[in-house]
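Okay, structure first, notes after.
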Amino acid sequence: MSQARRTVSQAIALESATPRQMAALAVQYPELLREPRGNGHTVVVLPGFGASDRSTVALRRYLGRMGYEVCGWALGTNSGNVAALTPEVISILEQLSGQSRGSVSLVGWSMGGTISREVARQRPDLVRRVITMGSPITGGPKYTAFADQLAAEGVDLNEIERHLHVRQTTGKPLRVPVTAIFSRRDGVVAWQACIDQVNLDVEHVEVRCSHIGLGFDPEVYRIIVQRLNG
């Protein structure tokens with residue numbers, strides 16, 4: 001699948017569409033607010049690799065206006081270390097559950113979605129639903145446009161890929177509803193890496209936006225709020 005990775009120049013070209021998606025969000029926002037309101041359950045939004053809760057402010061604000069109790073993950077910058085971050089997110093969900101909020105939905109952008117799936121796999125009792133956005137559930141950051149740069153910085157991409165493969169093929173099956181949003185115009189993550197070939201019950205939904213644009217695209221917002229309300 002390495003041949004499916006974008007080059008850095010391709011990534012820059014495809015991601016240049018992001019400002020148009022932001023503009024479309026501003027125009028369509030009033031219409032998005034007319035989507036059916038949620039039931040108030042808690043939604044935790046996880047950022048992508050190299051990003052923090054700042055990157056998900058717009059999405060969290062929208063979901064809050066739609067009637068959900070929304071929070072970020074409050075773990076700082078996402079290092080992409082799935083094995084290390086999964087138990088930390090589980091701890092957060094346990095705290096939320098202890099506050100009598102019940103099971104929560106996880107919305108994960110890029111590697112945030114990969115982590116969300118592992119949390120749901122290990123603790124389905126804490127998770128109501130998972131929605132991933134451009135998440136490389138196959139191979140992790142190895143199948144992104146910046147894989148070579150990460151490898152040069154010492155990130156063990158093969159180990160991350162091995163860990164994800166073992167979890168997918170020998171770990172517990174996913175028992176909660178999962179929606180995987182992906183885009184063939186994604187300039188960062190190879191869209192093929194977003195397709196789950198193991199868990200056949202995963203719902204795959206294709207959109208037409210850049211990778212960064214996944215956090216601002218009106219159609220993505222519409223899909224997320226509709227699935228959360230399902």
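Ordering of the structure tokens sets the chain letters (A, B, ...); residue numbers start at 1 within each chain; ligands are numbered from 1 in the order shown.
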Review point. DSSP says strand (DSSP E or B) for which residues of stretch 50-174 of chain A? Put them as a list in words?
Key: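 Here is the list: Glu69, Val70, Cys71, Gly72, Asn78, Val104, Ser105, Leu106, Val107, Gly108, Trp109, Val127, Arg128, Arg129, Val130, Ile131, Thr132, Met133 and Thr144 of chain A.
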Output N, CA and C atoms of each residue in that selection to a file, as a PDB file, in the first residue's frame.
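Writing the result to again_34.pdb gives the following:
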ATOM      1  N   GLU A  69     -23.107  16.886  25.051  1.00  0.00           N
ATOM      2  CA  GLU A  69     -22.121  17.271  26.052  1.00  0.00           C
ATOM      3  C   GLU A  69     -20.763  16.921  25.450  1.00  0.00           C
ATOM      4  N   VAL A  70     -20.010  17.926  25.031  1.00  0.00           N
ATOM      5  CA  VAL A  70     -18.813  17.683  24.223  1.00  0.00           C
ATOM      6  C   VAL A  70     -17.559  18.100  24.972  1.00  0.00           C
ATOM      7  N   CYS A  71     -16.508  17.293  24.833  1.00  0.00           N
ATOM      8  CA  CYS A  71     -15.221  17.670  25.404  1.00  0.00           C
ATOM      9  C   CYS A  71     -14.093  17.163  24.508  1.00  0.00           C
ATOM     10  N   GLY A  72     -12.929  17.792  24.635  1.00  0.00           N
ATOM     11  CA  GLY A  72     -11.743  17.309  23.953  1.00  0.00           C
ATOM     12  C   GLY A  72     -11.103  16.211  24.782  1.00  0.00           C
ATOM     13  N   ASN A  78      -1.245  14.909  19.995  1.00  0.00           N
ATOM     14  CA  ASN A  78      -1.352  13.486  19.687  1.00  0.00           C
ATOM     15  C   ASN A  78      -0.025  12.996  19.102  1.00  0.00           C
ATOM     16  N   VAL A 104     -20.073   6.919  26.171  1.00  0.00           N
ATOM     17  CA  VAL A 104     -19.852   8.107  25.362  1.00  0.00           C
ATOM     18  C   VAL A 104     -19.595   7.718  23.914  1.00  0.00           C
ATOM     19  N   SER A 105     -19.760   8.691  23.036  1.00  0.00           N
ATOM     20  CA  SER A 105     -19.380   8.511  21.638  1.00  0.00           C
ATOM     21  C   SER A 105     -17.998   9.116  21.439  1.00  0.00           C
ATOM     22  N   LEU A 106     -17.203   8.489  20.591  1.00  0.00           N
ATOM     23  CA  LEU A 106     -15.872   8.974  20.267  1.00  0.00           C
ATOM     24  C   LEU A 106     -15.836   9.408  18.813  1.00  0.00           C
ATOM     25  N   VAL A 107     -15.379  10.635  18.576  1.00  0.00           N
ATOM     26  CA  VAL A 107     -15.174  11.143  17.222  1.00  0.00           C
ATOM     27  C   VAL A 107     -13.683  11.405  17.091  1.00  0.00           C
ATOM     28  N   GLY A 108     -13.012  10.661  16.216  1.00  0.00           N
ATOM     29  CA  GLY A 108     -11.568  10.779  16.105  1.00  0.00           C
ATOM     30  C   GLY A 108     -11.123  11.184  14.724  1.00  0.00           C
ATOM     31  N   TRP A 109     -10.298  12.213  14.679  1.00  0.00           N
ATOM     32  CA  TRP A 109      -9.760  12.731  13.416  1.00  0.00           C
ATOM     33  C   TRP A 109      -8.404  12.082  13.181  1.00  0.00           C
ATOM     34  N   VAL A 127     -18.142   2.768  25.533  1.00  0.00           N
ATOM     35  CA  VAL A 127     -18.275   3.468  24.252  1.00  0.00           C
ATOM     36  C   VAL A 127     -19.616   3.172  23.600  1.00  0.00           C
ATOM     37  N   ARG A 128     -20.277   4.227  23.221  1.00  0.00           N
ATOM     38  CA  ARG A 128     -21.593   4.130  22.572  1.00  0.00           C
ATOM     39  C   ARG A 128     -21.447   3.962  21.062  1.00  0.00           C
ATOM     40  N   ARG A 129     -20.541   4.744  20.463  1.00  0.00           N
ATOM     41  CA  ARG A 129     -20.345   4.757  19.016  1.00  0.00           C
ATOM     42  C   ARG A 129     -18.980   5.366  18.703  1.00  0.00           C
ATOM     43  N   VAL A 130     -18.395   4.967  17.575  1.00  0.00           N
ATOM     44  CA  VAL A 130     -17.135   5.551  17.112  1.00  0.00           C
ATOM     45  C   VAL A 130     -17.328   6.096  15.709  1.00  0.00           C
ATOM     46  N   ILE A 131     -16.844   7.322  15.489  1.00  0.00           N
ATOM     47  CA  ILE A 131     -16.827   7.919  14.159  1.00  0.00           C
ATOM     48  C   ILE A 131     -15.395   8.349  13.871  1.00  0.00           C
ATOM     49  N   THR A 132     -14.820   7.831  12.789  1.00  0.00           N
ATOM     50  CA  THR A 132     -13.456   8.199  12.425  1.00  0.00           C
ATOM     51  C   THR A 132     -13.468   9.091  11.188  1.00  0.00           C
ATOM     52  N   MET A 133     -12.478   9.968  11.110  1.00  0.00           N
ATOM     53  CA  MET A 133     -12.374  10.925  10.008  1.00  0.00           C
ATOM     54  C   MET A 133     -10.975  10.826   9.399  1.00  0.00           C
ATOM     55  N   THR A 144       0.971   7.671   5.337  1.00  0.00           N
ATOM     56  CA  THR A 144       0.674   9.095   5.212  1.00  0.00           C
ATOM     57  C   THR A 144       1.760   9.761   4.379  1.00  0.00           C
TER      58      THR A 144
END
Using only C-alpha atoms, determine which residues lie at most 8 Å from A:Lys142, disregarding the query and same-chain residues fewer than 4 positions distant; provide the list as a PDB file with N, CA and C atoms, in the first residue's frame.
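The resulting file, result-v2.pdb, is shown below:
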ATOM      1  N   SER A   2       2.157   1.113   0.193  1.00  0.00           N
ATOM      2  CA  SER A   2       3.019   2.291   0.262  1.00  0.00           C
ATOM      3  C   SER A   2       2.918   3.137  -0.998  1.00  0.00           C
ATOM      4  N   ALA A 147       5.348  10.022   6.084  1.00  0.00           N
ATOM      5  CA  ALA A 147       5.953   8.832   6.668  1.00  0.00           C
ATOM      6  C   ALA A 147       7.479   8.905   6.665  1.00  0.00           C
ATOM      7  N   LEU A 157       7.696   3.350  12.466  1.00  0.00           N
ATOM      8  CA  LEU A 157       6.450   3.167  11.721  1.00  0.00           C
ATOM      9  C   LEU A 157       6.083   1.689  11.575  1.00  0.00           C
ATOM     10  N   ASN A 158       7.082   0.852  11.426  1.00  0.00           N
ATOM     11  CA  ASN A 158       6.806  -0.575  11.277  1.00  0.00           C
ATOM     12  C   ASN A 158       6.218  -1.168  12.558  1.00  0.00           C
ATOM     13  N   GLU A 161       2.591  -0.136  12.734  1.00  0.00           N
ATOM     14  CA  GLU A 161       1.824  -0.955  11.792  1.00  0.00           C
ATOM     15  C   GLU A 161       1.628  -2.365  12.351  1.00  0.00           C
TER      16      GLU A 161
END
**Study point:** Pick from A:Val189, A:Val178, A:Val57, A:Leu85 nearest to A:Val8, counting only C-alpha atoms
**Key:**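 Among the listed residues, A:Val189 lies closest to A:Val8.
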Review point. So which residues touch A:Pro173 within 10 Å, counting only C-alpha atoms, skipping near sequence neighbours fewer than 5 positions away, as a VMD selection string?
Key: chain A and resid 120 to 122 124 167 to 168 198 to 199
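With distances restricted to only C-alpha atoms, A:Gly187 is the closest residue to A:His211 from A:Gly187, A:Gly80, A:Pro136, A:Gly154.
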Point to revise | Which of A:Ile115, A:Ile160, A:Cys194, A:Ala13 sits closest to A:Ile137 [using only C-alpha atoms] | key: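 Looking only at the distances to A:Ile137, the closest residue turns out to be A:Cys194.
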Practice item. Write out as a ChimeraX atom specification the residues lying within 9 Å of A:Leu126, counting only C-alpha atoms and excluding same-chain residues fewer than 6 positions away. Key: /A:90,93-94,97,102-105,119-120
Residues from the last selection, C-alpha atoms, saved as a PDB file, in the first residue's frame:
ATOM      1  CA  ILE A  90      -9.827   4.717  28.616  1.00  0.00           C
ATOM      2  CA  LEU A  93     -13.857   7.569  29.796  1.00  0.00           C
ATOM      3  CA  GLU A  94     -13.855   5.801  33.145  1.00  0.00           C
ATOM      4  CA  SER A  97     -18.653   7.164  33.373  1.00  0.00           C
ATOM      5  CA  GLY A 102     -23.082   6.748  30.816  1.00  0.00           C
ATOM      6  CA  SER A 103     -21.306   5.504  27.702  1.00  0.00           C
ATOM      7  CA  VAL A 104     -19.852   8.107  25.362  1.00  0.00           C
ATOM      8  CA  SER A 105     -19.380   8.511  21.638  1.00  0.00           C
ATOM      9  CA  VAL A 119     -10.495   2.168  23.035  1.00  0.00           C
ATOM     10  CA  ALA A 120     -13.816   0.762  21.818  1.00  0.00           C
TER      11      ALA A 120
END
Point to revise | For A:Gln197, the nearest of the candidates A:Ser52, A:Gln99, A:Thr169, A:Arg175, counting only C-alpha atoms | key: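 Smallest separation from A:Gln197 among the options: A:Thr169.
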**Study point:** Computed interatomic separation between atom CA of A:Ala51 and atom CA of A:His204 (Å)
**Key:**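 Interatomic distance here is 24.0 Å.
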Exercise for review: Please provide the set of residues having any atom within 6 Å of A:Met111, restricted to only C-alpha atoms, with same-chain residues fewer than 6 positions apart removed, written as JSON, numbers by chain.
Suggested key: {"A": [48, 49, 135]}
